[in-house]
file start.cif (mmCIF, C-alpha atoms)
data_protein
#
loop_
_atom_site.group_PDB
_atom_site.id
_atom_site.type_symbol
_atom_site.label_atom_id
_atom_site.label_comp_id
_atom_site.auth_asym_id
_atom_site.auth_seq_id
_atom_site.Cartn_x
_atom_site.Cartn_y
_atom_site.Cartn_z
ATOM 1 C CA MET D 1 0.000 0.000 0.000
ATOM 2 C CA THR D 2 1.100 3.529 -0.667
ATOM 3 C CA PRO D 3 0.804 6.400 1.829
ATOM 4 C CA THR D 4 -1.865 8.029 -0.365
ATOM 5 C CA ASP D 5 -4.025 4.910 -0.338
ATOM 6 C CA PRO D 6 -7.296 5.741 1.536
ATOM 7 C CA ALA D 7 -7.101 2.353 3.283
ATOM 8 C CA SER D 8 -3.775 3.266 4.878
ATOM 9 C CA THR D 9 -4.478 6.952 5.588
ATOM 10 C CA PHE D 10 -5.730 7.835 9.057
ATOM 11 C CA LEU D 11 -7.225 11.123 10.223
ATOM 12 C CA SER D 12 -7.347 12.480 13.770
ATOM 13 C CA LYS D 13 -10.368 14.179 15.313
ATOM 14 C CA GLN D 14 -8.711 17.501 14.519
ATOM 15 C CA ASP D 15 -8.150 16.461 10.884
ATOM 16 C CA LEU D 16 -11.802 15.495 10.563
ATOM 17 C CA ALA D 17 -12.959 18.725 12.211
ATOM 18 C CA ASP D 18 -10.783 20.732 9.820
ATOM 19 C CA ARG D 19 -12.122 18.749 6.839
ATOM 20 C CA TYR D 20 -15.704 19.778 7.660
ATOM 21 C CA GLY D 21 -15.076 23.136 9.312
ATOM 22 C CA VAL D 22 -16.650 22.051 12.595
ATOM 23 C CA PRO D 23 -15.341 22.101 16.184
ATOM 24 C CA VAL D 24 -13.509 19.031 17.503
ATOM 25 C CA ALA D 25 -16.336 18.766 20.071
ATOM 26 C CA THR D 26 -18.742 18.036 17.201
ATOM 27 C CA VAL D 27 -16.555 15.155 16.016
ATOM 28 C CA SER D 28 -16.382 13.870 19.607
ATOM 29 C CA ARG D 29 -20.183 13.990 19.780
ATOM 30 C CA TRP D 30 -20.419 11.995 16.528
ATOM 31 C CA VAL D 31 -18.142 9.357 18.051
ATOM 32 C CA HIS D 32 -20.124 9.269 21.292
ATOM 33 C CA TYR D 33 -23.499 8.869 19.565
ATOM 34 C CA GLY D 34 -22.202 6.701 16.702
ATOM 35 C CA THR D 35 -23.461 9.101 14.027
ATOM 36 C CA GLY D 36 -20.149 9.936 12.343
ATOM 37 C CA PRO D 37 -17.703 7.902 10.301
ATOM 38 C CA ARG D 38 -16.372 4.620 11.681
ATOM 39 C CA SER D 39 -13.354 5.080 13.888
ATOM 40 C CA LEU D 40 -10.671 3.077 15.616
ATOM 41 C CA LYS D 41 -9.100 3.542 18.992
ATOM 42 C CA ILE D 42 -5.340 3.182 18.746
ATOM 43 C CA GLY D 43 -3.908 3.421 22.237
ATOM 44 C CA ARG D 44 -5.513 6.536 23.693
ATOM 45 C CA HIS D 45 -6.104 8.083 20.291
ATOM 46 C CA ARG D 46 -9.200 8.001 18.090
ATOM 47 C CA ARG D 47 -8.439 7.662 14.371
ATOM 48 C CA PHE D 48 -10.604 7.634 11.259
ATOM 49 C CA ARG D 49 -9.658 5.657 8.158
ATOM 50 C CA LEU D 50 -9.934 7.922 5.123
ATOM 51 C CA GLU D 51 -11.830 5.222 3.214
ATOM 52 C CA ASP D 52 -14.425 5.066 6.038
ATOM 53 C CA VAL D 53 -14.718 8.866 6.034
ATOM 54 C CA ILE D 54 -15.318 8.893 2.276
ATOM 55 C CA ALA D 55 -17.904 6.094 2.572
ATOM 56 C CA TRP D 56 -19.683 8.026 5.351
ATOM 57 C CA GLU D 57 -19.686 11.177 3.219
ATOM 58 C CA ASN D 58 -21.242 9.242 0.344
ATOM 59 C CA ASP D 59 -23.902 7.821 2.676
ATOM 60 C CA GLN D 60 -24.717 11.322 3.911
ATOM 61 C CA ALA D 61 -25.096 12.593 0.342
ATOM 62 C CA ASP D 62 -27.355 9.670 -0.572
ATOM 63 C CA ASP D 63 -29.558 10.301 2.480
ATOM 64 C CA ARG D 64 -30.065 13.934 1.532
ATOM 65 C CA LEU D 65 -30.920 13.018 -2.075
ATOM 66 C CA ALA D 66 -33.432 10.410 -0.923
ATOM 67 C CA ASP D 67 -35.080 12.932 1.425
ATOM 68 C CA ALA D 68 -35.343 15.524 -1.355
ATOM 69 C CA THR D 69 -37.102 13.124 -3.729
ATOM 70 C CA ALA D 70 -39.555 11.768 -1.166
#
call {"tool": "encode", "arguments": {"input": "start.cif", "output": "structure tokens"}}
result
Amino acid sequence: MTPTDPASTFLSKQDLADRYGVPVATVSRWVHYGTGPRSLKIGRHRRFRLEDVIAWENDQADDRLADATA
């Protein structure tokens, strides 16, 4: 795998917050309630696989499209 491969790229809570322009507390809330992208706990750190983040983004887009057509 290469470092740019989404399967081997991990984002921190701060990275995810920066990606969406939201506070880190929002990302923490997503983790707590299970509403955000899948995450892993590595030691004391929460990490998000880029491929899981992209899949979650696609699911969010599909949900909005389905709501708009209903």
call {"tool": "resolve_selection", "arguments": {"input": "start.cif", "expression": "the PyMOL selection byres ((chain D and resi 38) around 8)", "output": "mmCIF file with C-alpha atoms, keeping the file's coordinate frame"}}
result
data_model
loop_
_atom_site.group_PDB
_atom_site.id
_atom_site.type_symbol
_atom_site.label_atom_id
_atom_site.label_comp_id
_atom_site.auth_asym_id
_atom_site.auth_seq_id
_atom_site.Cartn_x
_atom_site.Cartn_y
_atom_site.Cartn_z
ATOM 1 C CA GLY D 34 -22.202 6.701 16.702
ATOM 2 C CA GLY D 36 -20.149 9.936 12.343
ATOM 3 C CA PRO D 37 -17.703 7.902 10.301
ATOM 4 C CA SER D 39 -13.354 5.080 13.888
ATOM 5 C CA LEU D 40 -10.671 3.077 15.616
ATOM 6 C CA PHE D 48 -10.604 7.634 11.259
ATOM 7 C CA ARG D 49 -9.658 5.657 8.158
ATOM 8 C CA ASP D 52 -14.425 5.066 6.038
ATOM 9 C CA VAL D 53 -14.718 8.866 6.034
ATOM 10 C CA TRP D 56 -19.683 8.026 5.351
#
call {"tool": "residues_around", "arguments": {"input": "start.cif", "residues": "Leu50 of chain D", "least_positions_apart": "2", "cutoff": "8 Å", "atoms": "all atoms listed in the file", "output": "list in words"}}
result
Pro6, Ala7, Ser8, Thr9, Phe10, Leu11, Phe48, Asp52, Val53 and Ile54 of chain D
call {"tool": "atom_distance", "arguments": {"input": "start.cif", "atom1": "atom CA of Glu57 of chain D", "atom2": "atom CA of Gly43 of chain D"}}
result
25.9 Å
call {"tool": "axis_aligned_box", "arguments": {"input": "start.cif", "around": "segment 38-56 of chain D", "padding_each_side": "8 Å", "output": "lines of an AutoDock Vina configuration file"}}
result
center_x = -11.8
center_y = 6.0
center_z = 13.0
size_x = 31.8
size_y = 21.8
size_z = 37.4
call {"tool": "build_atoms", "arguments": {"input": "start.cif", "residues": "segment 25-52 of chain D", "atoms": "N, CA and C atoms", "output": "CSV table (one decimal), in the frame of the given file"}}
result
chain,number,residue,atom,x,y,z
D,25,ALA,N,-15.3,19.3,19.2
D,25,ALA,CA,-16.3,18.8,20.1
D,25,ALA,C,-17.5,18.1,19.3
D,26,THR,N,-17.7,18.6,18.1
D,26,THR,CA,-18.7,18.0,17.2
D,26,THR,C,-18.3,16.6,16.8
D,27,VAL,N,-17.1,16.5,16.4
D,27,VAL,CA,-16.6,15.2,16.0
D,27,VAL,C,-16.6,14.2,17.2
D,28,SER,N,-16.3,14.7,18.4
D,28,SER,CA,-16.4,13.9,19.6
D,28,SER,C,-17.8,13.4,19.9
D,29,ARG,N,-18.8,14.3,19.6
D,29,ARG,CA,-20.2,14.0,19.8
D,29,ARG,C,-20.6,12.9,18.8
D,30,TRP,N,-20.1,13.0,17.5
D,30,TRP,CA,-20.4,12.0,16.5
D,30,TRP,C,-19.9,10.6,17.0
D,31,VAL,N,-18.7,10.6,17.6
D,31,VAL,CA,-18.1,9.4,18.1
D,31,VAL,C,-19.0,8.8,19.2
D,32,HIS,N,-19.3,9.7,20.1
D,32,HIS,CA,-20.1,9.3,21.3
D,32,HIS,C,-21.5,8.7,20.9
D,33,TYR,N,-22.2,9.3,20.0
D,33,TYR,CA,-23.5,8.9,19.6
D,33,TYR,C,-23.5,7.9,18.4
D,34,GLY,N,-22.3,7.6,17.8
D,34,GLY,CA,-22.2,6.7,16.7
D,34,GLY,C,-22.8,7.2,15.4
D,35,THR,N,-22.8,8.5,15.2
D,35,THR,CA,-23.5,9.1,14.0
D,35,THR,C,-22.5,9.5,13.0
D,36,GLY,N,-21.2,9.5,13.3
D,36,GLY,CA,-20.1,9.9,12.3
D,36,GLY,C,-19.5,8.7,11.6
D,37,PRO,N,-18.4,9.0,11.0
D,37,PRO,CA,-17.7,7.9,10.3
D,37,PRO,C,-17.2,6.9,11.3
D,38,ARG,N,-17.0,5.7,10.8
D,38,ARG,CA,-16.4,4.6,11.7
D,38,ARG,C,-15.0,5.1,12.1
D,39,SER,N,-14.7,4.7,13.3
D,39,SER,CA,-13.4,5.1,13.9
D,39,SER,C,-12.7,3.9,14.6
D,40,LEU,N,-11.4,4.1,14.9
D,40,LEU,CA,-10.7,3.1,15.6
D,40,LEU,C,-10.0,3.8,16.8
D,41,LYS,N,-9.8,3.0,17.9
D,41,LYS,CA,-9.1,3.5,19.0
D,41,LYS,C,-7.7,2.9,19.0
D,42,ILE,N,-6.7,3.7,18.8
D,42,ILE,CA,-5.3,3.2,18.7
D,42,ILE,C,-4.6,3.8,20.0
D,43,GLY,N,-4.4,2.9,21.0
D,43,GLY,CA,-3.9,3.4,22.2
D,43,GLY,C,-5.0,4.3,22.8
D,44,ARG,N,-4.6,5.6,23.1
D,44,ARG,CA,-5.5,6.5,23.7
D,44,ARG,C,-6.1,7.5,22.6
D,45,HIS,N,-5.7,7.2,21.4
D,45,HIS,CA,-6.1,8.1,20.3
D,45,HIS,C,-7.2,7.5,19.4
D,46,ARG,N,-8.1,8.4,19.0
D,46,ARG,CA,-9.2,8.0,18.1
D,46,ARG,C,-8.7,8.4,16.7
D,47,ARG,N,-8.8,7.4,15.8
D,47,ARG,CA,-8.4,7.7,14.4
D,47,ARG,C,-9.6,7.2,13.4
D,48,PHE,N,-9.6,7.9,12.3
D,48,PHE,CA,-10.6,7.6,11.3
D,48,PHE,C,-9.9,7.2,10.0
D,49,ARG,N,-10.2,6.1,9.4
D,49,ARG,CA,-9.7,5.7,8.2
D,49,ARG,C,-10.3,6.5,7.1
D,50,LEU,N,-9.4,7.1,6.2
D,50,LEU,CA,-9.9,7.9,5.1
D,50,LEU,C,-11.0,7.2,4.3
D,51,GLU,N,-10.8,5.9,4.0
D,51,GLU,CA,-11.8,5.2,3.2
D,51,GLU,C,-13.2,5.2,3.9
D,52,ASP,N,-13.2,5.1,5.3
D,52,ASP,CA,-14.4,5.1,6.0
D,52,ASP,C,-15.1,6.5,6.0
